[in-house]
>>> print(open('model.cif').read())   # mmCIF, C-alpha atoms
data_input
loop_
_atom_site.group_PDB
_atom_site.id
_atom_site.type_symbol
_atom_site.label_atom_id
_atom_site.label_comp_id
_atom_site.auth_asym_id
_atom_site.auth_seq_id
_atom_site.Cartn_x
_atom_site.Cartn_y
_atom_site.Cartn_z
ATOM 1 C CA MET A 18 -45.228 8.891 26.067
ATOM 2 C CA GLU A 19 -45.177 5.740 23.986
ATOM 3 C CA GLY A 20 -44.099 7.712 20.902
ATOM 4 C CA VAL A 21 -41.117 9.211 22.736
ATOM 5 C CA SER A 22 -40.042 5.757 23.968
ATOM 6 C CA SER A 23 -40.245 4.368 20.447
ATOM 7 C CA LEU A 24 -38.234 7.322 19.120
ATOM 8 C CA ARG A 25 -35.536 6.735 21.765
ATOM 9 C CA LYS A 26 -35.271 3.088 20.738
ATOM 10 C CA TRP A 27 -34.779 4.102 17.097
ATOM 11 C CA VAL A 28 -32.157 6.704 18.036
ATOM 12 C CA LYS A 29 -30.291 4.122 20.139
ATOM 13 C CA LEU A 30 -30.488 1.571 17.330
ATOM 14 C CA ILE A 31 -29.188 4.023 14.717
ATOM 15 C CA PHE A 32 -26.456 5.280 17.053
ATOM 16 C CA GLY A 33 -25.371 1.687 17.802
ATOM 17 C CA ALA A 34 -25.315 0.819 14.095
ATOM 18 C CA LEU A 35 -23.161 3.873 13.348
ATOM 19 C CA ILE A 36 -20.683 2.936 16.073
ATOM 20 C CA LEU A 37 -20.514 -0.639 14.782
ATOM 21 C CA PHE A 38 -19.986 0.622 11.238
ATOM 22 C CA GLY A 39 -17.197 2.944 12.438
ATOM 23 C CA VAL A 40 -15.414 0.152 14.312
ATOM 24 C CA ILE A 41 -15.605 -2.150 11.267
ATOM 25 C CA LEU A 42 -14.364 0.631 8.979
ATOM 26 C CA ILE A 43 -11.364 1.342 11.206
ATOM 27 C CA TYR A 44 -10.518 -2.329 11.806
ATOM 28 C CA THR A 45 -10.625 -3.281 8.112
ATOM 29 C CA LYS A 46 -8.925 -0.055 6.946
ATOM 30 C CA GLY A 47 -11.919 0.371 4.669
ATOM 31 C CA TYR A 48 -11.170 4.068 4.335
ATOM 32 C CA TYR A 49 -8.029 3.254 2.304
ATOM 33 C CA PRO A 50 -8.375 2.921 -1.480
ATOM 34 C CA PRO A 51 -8.417 -0.565 -3.041
ATOM 35 C CA LEU A 52 -5.109 -2.405 -3.298
ATOM 36 C CA PRO A 53 -3.806 -3.470 -6.717
ATOM 37 C CA VAL A 54 -3.236 -6.975 -5.282
ATOM 38 C CA THR A 55 -5.797 -9.373 -3.846
ATOM 39 C CA SER A 56 -3.776 -11.775 -1.711
ATOM 40 C CA VAL A 57 -3.214 -9.346 1.163
ATOM 41 C CA SER A 58 -5.719 -7.171 3.003
ATOM 42 C CA LYS A 59 -5.309 -3.476 3.676
ATOM 43 C CA SER A 60 -5.146 -4.036 7.424
ATOM 44 C CA GLU A 61 -2.456 -6.746 7.011
ATOM 45 C CA LEU A 62 -0.455 -4.473 4.736
ATOM 46 C CA ILE A 63 -0.522 -1.471 7.064
ATOM 47 C CA SER A 64 0.301 -3.706 10.020
ATOM 48 C CA ASN A 65 3.319 -5.179 8.181
ATOM 49 C CA VAL A 66 4.559 -1.738 7.171
ATOM 50 C CA ASN A 67 4.224 -0.430 10.725
ATOM 51 C CA LYS A 68 6.028 -3.471 12.193
ATOM 52 C CA SER A 69 8.874 -3.335 9.682
ATOM 53 C CA ASN A 70 12.081 -1.448 10.300
ATOM 54 C CA ARG A 71 12.761 -1.304 6.542
ATOM 55 C CA ASN A 72 12.189 1.729 4.341
ATOM 56 C CA ILE A 73 10.603 -0.341 1.586
ATOM 57 C CA VAL A 74 8.564 -3.455 2.373
ATOM 58 C CA LYS A 75 7.713 -6.354 0.083
ATOM 59 C CA ILE A 76 3.976 -6.856 -0.059
ATOM 60 C CA VAL A 77 3.619 -10.019 -2.118
ATOM 61 C CA GLU A 78 4.463 -11.776 -5.372
ATOM 62 C CA GLU A 79 1.306 -11.905 -7.442
ATOM 63 C CA ASN A 80 0.401 -12.106 -11.147
ATOM 64 C CA GLY A 81 4.045 -12.344 -12.180
ATOM 65 C CA TYR A 82 5.130 -9.246 -10.250
ATOM 66 C CA GLN A 83 6.832 -8.357 -6.991
ATOM 67 C CA TRP A 84 4.923 -5.676 -5.119
ATOM 68 C CA PHE A 85 6.572 -3.303 -2.640
ATOM 69 C CA ILE A 86 5.340 -0.383 -0.558
ATOM 70 C CA SER A 87 7.175 2.589 0.897
ATOM 71 C CA GLU A 88 6.138 5.641 2.846
ATOM 72 C CA MET A 89 6.379 8.790 0.765
ATOM 73 C CA LYS A 90 8.038 10.943 3.462
ATOM 74 C CA GLN A 91 8.755 13.951 1.221
ATOM 75 C CA GLY A 92 9.817 11.888 -1.796
ATOM 76 C CA LYS A 93 11.964 9.366 0.084
ATOM 77 C CA ALA A 94 9.914 6.485 -1.340
ATOM 78 C CA TYR A 95 11.655 6.961 -4.682
ATOM 79 C CA GLU A 96 15.074 7.010 -3.033
ATOM 80 C CA ASN A 97 14.126 3.805 -1.216
ATOM 81 C CA LEU A 98 13.250 2.208 -4.567
ATOM 82 C CA LYS A 99 16.561 3.276 -6.124
ATOM 83 C CA LYS A 100 18.487 1.808 -3.176
ATOM 84 C CA LEU A 101 16.525 -1.474 -3.310
ATOM 85 C CA MET A 102 17.209 -1.817 -7.010
ATOM 86 C CA ALA A 103 20.898 -0.883 -6.623
ATOM 87 C CA ASP A 104 21.187 -3.623 -3.985
ATOM 88 C CA LYS A 105 19.805 -6.020 -6.619
ATOM 89 C CA GLY A 106 22.347 -4.791 -9.194
ATOM 90 C CA TRP A 107 20.048 -2.492 -11.181
ATOM 91 C CA PHE A 108 20.810 1.180 -11.712
ATOM 92 C CA LEU A 109 18.455 3.978 -12.644
ATOM 93 C CA LYS A 110 18.644 4.996 -16.280
ATOM 94 C CA GLU A 111 15.696 7.395 -16.375
ATOM 95 C CA GLN A 112 12.307 8.205 -14.958
ATOM 96 C CA VAL A 113 9.383 8.266 -17.379
ATOM 97 C CA GLY A 114 6.232 9.538 -15.700
ATOM 98 C CA SER A 115 5.447 7.167 -12.842
ATOM 99 C CA GLY A 116 7.821 4.538 -14.231
ATOM 100 C CA PHE A 117 11.490 4.091 -13.415
ATOM 101 C CA VAL A 118 13.721 2.480 -16.027
ATOM 102 C CA PHE A 119 16.585 0.495 -14.515
ATOM 103 C CA GLN A 120 19.383 -1.281 -16.340
ATOM 104 C CA ASN A 121 22.224 -3.695 -15.801
ATOM 105 C CA GLU A 122 24.085 -6.217 -17.973
ATOM 106 C CA GLN A 123 20.863 -8.250 -18.362
ATOM 107 C CA GLY A 124 19.039 -5.353 -20.005
ATOM 108 C CA GLU A 125 16.364 -2.931 -18.892
ATOM 109 C CA ILE A 126 13.274 -3.186 -16.733
ATOM 110 C CA THR A 127 10.621 -0.676 -15.830
ATOM 111 C CA VAL A 128 9.365 -0.384 -12.277
ATOM 112 C CA LEU A 129 5.934 1.199 -12.099
ATOM 113 C CA SER A 130 4.851 3.296 -9.158
ATOM 114 C CA GLU A 131 1.413 4.203 -7.906
ATOM 115 C CA MET A 132 0.455 6.619 -5.157
ATOM 116 C CA TRP A 133 -1.785 4.388 -3.071
ATOM 117 C CA THR A 134 -2.561 7.067 -0.502
ATOM 118 C CA LYS A 135 -1.014 10.436 0.180
ATOM 119 C CA LYS A 136 1.321 8.605 2.593
ATOM 120 C CA TYR A 137 2.238 5.414 0.670
ATOM 121 C CA VAL A 138 3.639 4.550 -2.765
ATOM 122 C CA ILE A 139 3.311 1.047 -4.238
ATOM 123 C CA PHE A 140 5.898 -0.274 -6.714
ATOM 124 C CA HIS A 141 5.826 -3.378 -8.892
ATOM 125 C CA PHE A 142 8.234 -5.099 -11.240
ATOM 126 C CA PRO A 143 8.726 -8.592 -12.716
ATOM 127 C CA LYS A 144 9.176 -11.272 -10.066
ATOM 128 C CA GLU A 145 12.186 -12.708 -11.896
ATOM 129 C CA ILE A 146 14.270 -9.769 -10.664
ATOM 130 C CA ASN A 147 16.142 -10.823 -7.528
#
>>> encode(input="model.cif", output="structure tokens")
Amino acid sequence: MEGVSSLRKWVKLIFGALILFGVILIYTKGYYPPLPVTSVSKSELISNVNKSNRNIVKIVEENGYQWFISEMKQGKAYENLKKLMADKGWFLKEQVGSGFVFQNEQGEITVLSEMWTKKYVIFHFPKEIN
């Protein structure tokens, strides 16, 4: 009987550890891929996106770039980017792969995009662009 009791303790311990691991994974959004920025956590980012009523949300300014995120929603993320840039006075010239070339009287800039997950696209461009 002592062997069965010891086995039950091990099963309970393993089961408890798995539950704890699952809770930590969900809370920290550890199942999402790494972010290209370090000054914001995945859980903060998702929380900010969910709280926002905007179609494209600024993540942070880091390493000389502005970082934005938008939900893909059947390609709408790219339309959201074009609208954001048009509001800043930049107009789409062309798309080259995952980059979008915008221009205005100041010249041209390229906004790079990255599928972060199947649901979200992350964009970045020089922070000097207002």
>>> closest_residue(input="model.cif", among="A:Met132, A:Ile146, A:Val28, A:Val54", to="A:Trp107", atoms="only C-alpha atoms")
A:Ile146
>>> resolve_selection(input="model.cif", expression="the PyMOL selection byres ((chain A and resi 82) around 7)", output="PyMOL selection string")
chain A and resi 78-81+83-84+141-144
>>> resolve_selection(input="model.cif", expression="the PyMOL selection byres ((chain A and resi 126) around 10)", output="ChimeraX atom specification")
/A:107,109-110,116-121,123-125,127-129,142-143,146
>>> write_last_selection(input="model.cif", atoms="C-alpha atoms", output="mmCIF file, in the frame of the given file")
data_model
loop_
_atom_site.group_PDB
_atom_site.id
_atom_site.type_symbol
_atom_site.label_atom_id
_atom_site.label_comp_id
_atom_site.auth_asym_id
_atom_site.auth_seq_id
_atom_site.Cartn_x
_atom_site.Cartn_y
_atom_site.Cartn_z
ATOM 1 C CA TRP A 107 20.048 -2.492 -11.181
ATOM 2 C CA LEU A 109 18.455 3.978 -12.644
ATOM 3 C CA LYS A 110 18.644 4.996 -16.280
ATOM 4 C CA GLY A 116 7.821 4.538 -14.231
ATOM 5 C CA PHE A 117 11.490 4.091 -13.415
ATOM 6 C CA VAL A 118 13.721 2.480 -16.027
ATOM 7 C CA PHE A 119 16.585 0.495 -14.515
ATOM 8 C CA GLN A 120 19.383 -1.281 -16.340
ATOM 9 C CA ASN A 121 22.224 -3.695 -15.801
ATOM 10 C CA GLN A 123 20.863 -8.250 -18.362
ATOM 11 C CA GLY A 124 19.039 -5.353 -20.005
ATOM 12 C CA GLU A 125 16.364 -2.931 -18.892
ATOM 13 C CA THR A 127 10.621 -0.676 -15.830
ATOM 14 C CA VAL A 128 9.365 -0.384 -12.277
ATOM 15 C CA LEU A 129 5.934 1.199 -12.099
ATOM 16 C CA PHE A 142 8.234 -5.099 -11.240
ATOM 17 C CA PRO A 143 8.726 -8.592 -12.716
ATOM 18 C CA ILE A 146 14.270 -9.769 -10.664
#
>>> atom_distance(input="model.cif", atom1="atom CA of A:Ser115", atom2="atom CA of A:Ile139")
10.8 Å
>>> atom_distance(input="model.cif", atom1="atom CA of A:Leu101", atom2="atom CA of A:Ser130")
13.9 Å
>>> residues_around(input="model.cif", residues="A:Lys93", least_positions_apart="6", cutoff="10 Å", atoms="only C-alpha atoms", output="list of chain:residue names")
A:Asn72, A:Ile73, A:Ser87, A:Lys99
>>> build_atoms(input="model.cif", residues="stretch 111-147 of chain A", atoms="N, CA and C atoms", output="PDB file, in the coordinates of the input")
ATOM      1  N   GLU A 111      16.536   6.208 -16.242  1.00  0.00           N
ATOM      2  CA  GLU A 111      15.696   7.395 -16.375  1.00  0.00           C
ATOM      3  C   GLU A 111      14.347   7.162 -15.718  1.00  0.00           C
ATOM      4  N   GLN A 112      13.674   8.272 -15.453  1.00  0.00           N
ATOM      5  CA  GLN A 112      12.307   8.205 -14.958  1.00  0.00           C
ATOM      6  C   GLN A 112      11.394   8.696 -16.066  1.00  0.00           C
ATOM      7  N   VAL A 113      10.353   7.916 -16.346  1.00  0.00           N
ATOM      8  CA  VAL A 113       9.383   8.266 -17.379  1.00  0.00           C
ATOM      9  C   VAL A 113       8.004   8.268 -16.718  1.00  0.00           C
ATOM     10  N   GLY A 114       7.511   9.447 -16.397  1.00  0.00           N
ATOM     11  CA  GLY A 114       6.232   9.538 -15.700  1.00  0.00           C
ATOM     12  C   GLY A 114       6.321   8.848 -14.351  1.00  0.00           C
ATOM     13  N   SER A 115       5.431   7.903 -14.111  1.00  0.00           N
ATOM     14  CA  SER A 115       5.447   7.167 -12.842  1.00  0.00           C
ATOM     15  C   SER A 115       6.284   5.896 -12.932  1.00  0.00           C
ATOM     16  N   GLY A 116       6.966   5.707 -14.043  1.00  0.00           N
ATOM     17  CA  GLY A 116       7.821   4.538 -14.231  1.00  0.00           C
ATOM     18  C   GLY A 116       9.289   4.889 -14.080  1.00  0.00           C
ATOM     19  N   PHE A 117      10.046   3.932 -13.578  1.00  0.00           N
ATOM     20  CA  PHE A 117      11.490   4.091 -13.415  1.00  0.00           C
ATOM     21  C   PHE A 117      12.171   3.014 -14.248  1.00  0.00           C
ATOM     22  N   VAL A 118      13.022   3.425 -15.167  1.00  0.00           N
ATOM     23  CA  VAL A 118      13.721   2.480 -16.027  1.00  0.00           C
ATOM     24  C   VAL A 118      15.087   2.203 -15.396  1.00  0.00           C
ATOM     25  N   PHE A 119      15.316   0.928 -15.093  1.00  0.00           N
ATOM     26  CA  PHE A 119      16.585   0.495 -14.515  1.00  0.00           C
ATOM     27  C   PHE A 119      17.299  -0.390 -15.522  1.00  0.00           C
ATOM     28  N   GLN A 120      18.627  -0.419 -15.438  1.00  0.00           N
ATOM     29  CA  GLN A 120      19.383  -1.281 -16.340  1.00  0.00           C
ATOM     30  C   GLN A 120      20.559  -1.910 -15.616  1.00  0.00           C
ATOM     31  N   ASN A 121      20.980  -3.026 -16.169  1.00  0.00           N
ATOM     32  CA  ASN A 121      22.224  -3.695 -15.801  1.00  0.00           C
ATOM     33  C   ASN A 121      22.643  -4.523 -17.011  1.00  0.00           C
ATOM     34  N   GLU A 122      23.591  -5.443 -16.827  1.00  0.00           N
ATOM     35  CA  GLU A 122      24.085  -6.217 -17.973  1.00  0.00           C
ATOM     36  C   GLU A 122      23.014  -7.125 -18.581  1.00  0.00           C
ATOM     37  N   GLN A 123      21.943  -7.411 -17.843  1.00  0.00           N
ATOM     38  CA  GLN A 123      20.863  -8.250 -18.362  1.00  0.00           C
ATOM     39  C   GLN A 123      19.913  -7.474 -19.279  1.00  0.00           C
ATOM     40  N   GLY A 124      19.936  -6.161 -19.181  1.00  0.00           N
ATOM     41  CA  GLY A 124      19.039  -5.353 -20.005  1.00  0.00           C
ATOM     42  C   GLY A 124      18.368  -4.274 -19.192  1.00  0.00           C
ATOM     43  N   GLU A 125      17.126  -3.985 -19.552  1.00  0.00           N
ATOM     44  CA  GLU A 125      16.364  -2.931 -18.892  1.00  0.00           C
ATOM     45  C   GLU A 125      15.046  -3.480 -18.354  1.00  0.00           C
ATOM     46  N   ILE A 126      14.611  -2.901 -17.260  1.00  0.00           N
ATOM     47  CA  ILE A 126      13.274  -3.186 -16.733  1.00  0.00           C
ATOM     48  C   ILE A 126      12.641  -1.860 -16.328  1.00  0.00           C
ATOM     49  N   THR A 127      11.349  -1.851 -16.292  1.00  0.00           N
ATOM     50  CA  THR A 127      10.621  -0.676 -15.830  1.00  0.00           C
ATOM     51  C   THR A 127       9.873  -1.036 -14.560  1.00  0.00           C
ATOM     52  N   VAL A 128      10.090  -0.245 -13.536  1.00  0.00           N
ATOM     53  CA  VAL A 128       9.365  -0.384 -12.277  1.00  0.00           C
ATOM     54  C   VAL A 128       8.286   0.681 -12.273  1.00  0.00           C
ATOM     55  N   LEU A 129       7.051   0.256 -12.115  1.00  0.00           N
ATOM     56  CA  LEU A 129       5.934   1.199 -12.099  1.00  0.00           C
ATOM     57  C   LEU A 129       5.588   1.571 -10.668  1.00  0.00           C
ATOM     58  N   SER A 130       5.231   2.819 -10.488  1.00  0.00           N
ATOM     59  CA  SER A 130       4.851   3.296  -9.158  1.00  0.00           C
ATOM     60  C   SER A 130       3.425   3.815  -9.192  1.00  0.00           C
ATOM     61  N   GLU A 131       2.796   3.741  -8.030  1.00  0.00           N
ATOM     62  CA  GLU A 131       1.413   4.203  -7.906  1.00  0.00           C
ATOM     63  C   GLU A 131       1.246   4.794  -6.515  1.00  0.00           C
ATOM     64  N   MET A 132       0.782   6.035  -6.459  1.00  0.00           N
ATOM     65  CA  MET A 132       0.455   6.619  -5.157  1.00  0.00           C
ATOM     66  C   MET A 132      -0.796   5.899  -4.660  1.00  0.00           C
ATOM     67  N   TRP A 133      -0.631   5.116  -3.602  1.00  0.00           N
ATOM     68  CA  TRP A 133      -1.785   4.388  -3.071  1.00  0.00           C
ATOM     69  C   TRP A 133      -2.616   5.317  -2.187  1.00  0.00           C
ATOM     70  N   THR A 134      -1.940   6.022  -1.313  1.00  0.00           N
ATOM     71  CA  THR A 134      -2.561   7.067  -0.502  1.00  0.00           C
ATOM     72  C   THR A 134      -1.599   8.238  -0.527  1.00  0.00           C
ATOM     73  N   LYS A 135      -1.954   9.308   0.151  1.00  0.00           N
ATOM     74  CA  LYS A 135      -1.014  10.436   0.180  1.00  0.00           C
ATOM     75  C   LYS A 135       0.238  10.087   0.979  1.00  0.00           C
ATOM     76  N   LYS A 136       0.195   8.998   1.742  1.00  0.00           N
ATOM     77  CA  LYS A 136       1.321   8.605   2.593  1.00  0.00           C
ATOM     78  C   LYS A 136       2.153   7.459   2.015  1.00  0.00           C
ATOM     79  N   TYR A 137       1.568   6.621   1.152  1.00  0.00           N
ATOM     80  CA  TYR A 137       2.238   5.414   0.670  1.00  0.00           C
ATOM     81  C   TYR A 137       2.312   5.335  -0.853  1.00  0.00           C
ATOM     82  N   VAL A 138       3.446   4.810  -1.339  1.00  0.00           N
ATOM     83  CA  VAL A 138       3.639   4.550  -2.765  1.00  0.00           C
ATOM     84  C   VAL A 138       3.830   3.048  -2.928  1.00  0.00           C
ATOM     85  N   ILE A 139       3.173   2.471  -3.932  1.00  0.00           N
ATOM     86  CA  ILE A 139       3.311   1.047  -4.238  1.00  0.00           C
ATOM     87  C   ILE A 139       4.092   0.915  -5.544  1.00  0.00           C
ATOM     88  N   PHE A 140       5.072  -0.006  -5.539  1.00  0.00           N
ATOM     89  CA  PHE A 140       5.898  -0.274  -6.714  1.00  0.00           C
ATOM     90  C   PHE A 140       5.696  -1.719  -7.145  1.00  0.00           C
ATOM     91  N   HIS A 141       5.814  -1.983  -8.449  1.00  0.00           N
ATOM     92  CA  HIS A 141       5.826  -3.378  -8.892  1.00  0.00           C
ATOM     93  C   HIS A 141       6.728  -3.539 -10.101  1.00  0.00           C
ATOM     94  N   PHE A 142       7.348  -4.729 -10.138  1.00  0.00           N
ATOM     95  CA  PHE A 142       8.234  -5.099 -11.240  1.00  0.00           C
ATOM     96  C   PHE A 142       8.250  -6.605 -11.366  1.00  0.00           C
ATOM     97  N   PRO A 143       8.767  -7.139 -12.483  1.00  0.00           N
ATOM     98  CA  PRO A 143       8.726  -8.592 -12.716  1.00  0.00           C
ATOM     99  C   PRO A 143       9.349  -9.371 -11.556  1.00  0.00           C
ATOM    100  N   LYS A 144       8.703 -10.496 -11.214  1.00  0.00           N
ATOM    101  CA  LYS A 144       9.176 -11.272 -10.066  1.00  0.00           C
ATOM    102  C   LYS A 144      10.502 -11.966 -10.330  1.00  0.00           C
ATOM    103  N   GLU A 145      10.924 -12.062 -11.582  1.00  0.00           N
ATOM    104  CA  GLU A 145      12.186 -12.708 -11.896  1.00  0.00           C
ATOM    105  C   GLU A 145      13.392 -11.897 -11.423  1.00  0.00           C
ATOM    106  N   ILE A 146      13.198 -10.638 -11.129  1.00  0.00           N
ATOM    107  CA  ILE A 146      14.270  -9.769 -10.664  1.00  0.00           C
ATOM    108  C   ILE A 146      14.559 -10.089  -9.203  1.00  0.00           C
ATOM    109  N   ASN A 147      15.794 -10.507  -8.927  1.00  0.00           N
ATOM    110  CA  ASN A 147      16.142 -10.823  -7.528  1.00  0.00           C
ATOM    111  C   ASN A 147      17.064  -9.813  -6.947  1.00  0.00           C
TER     112      ASN A 147
END
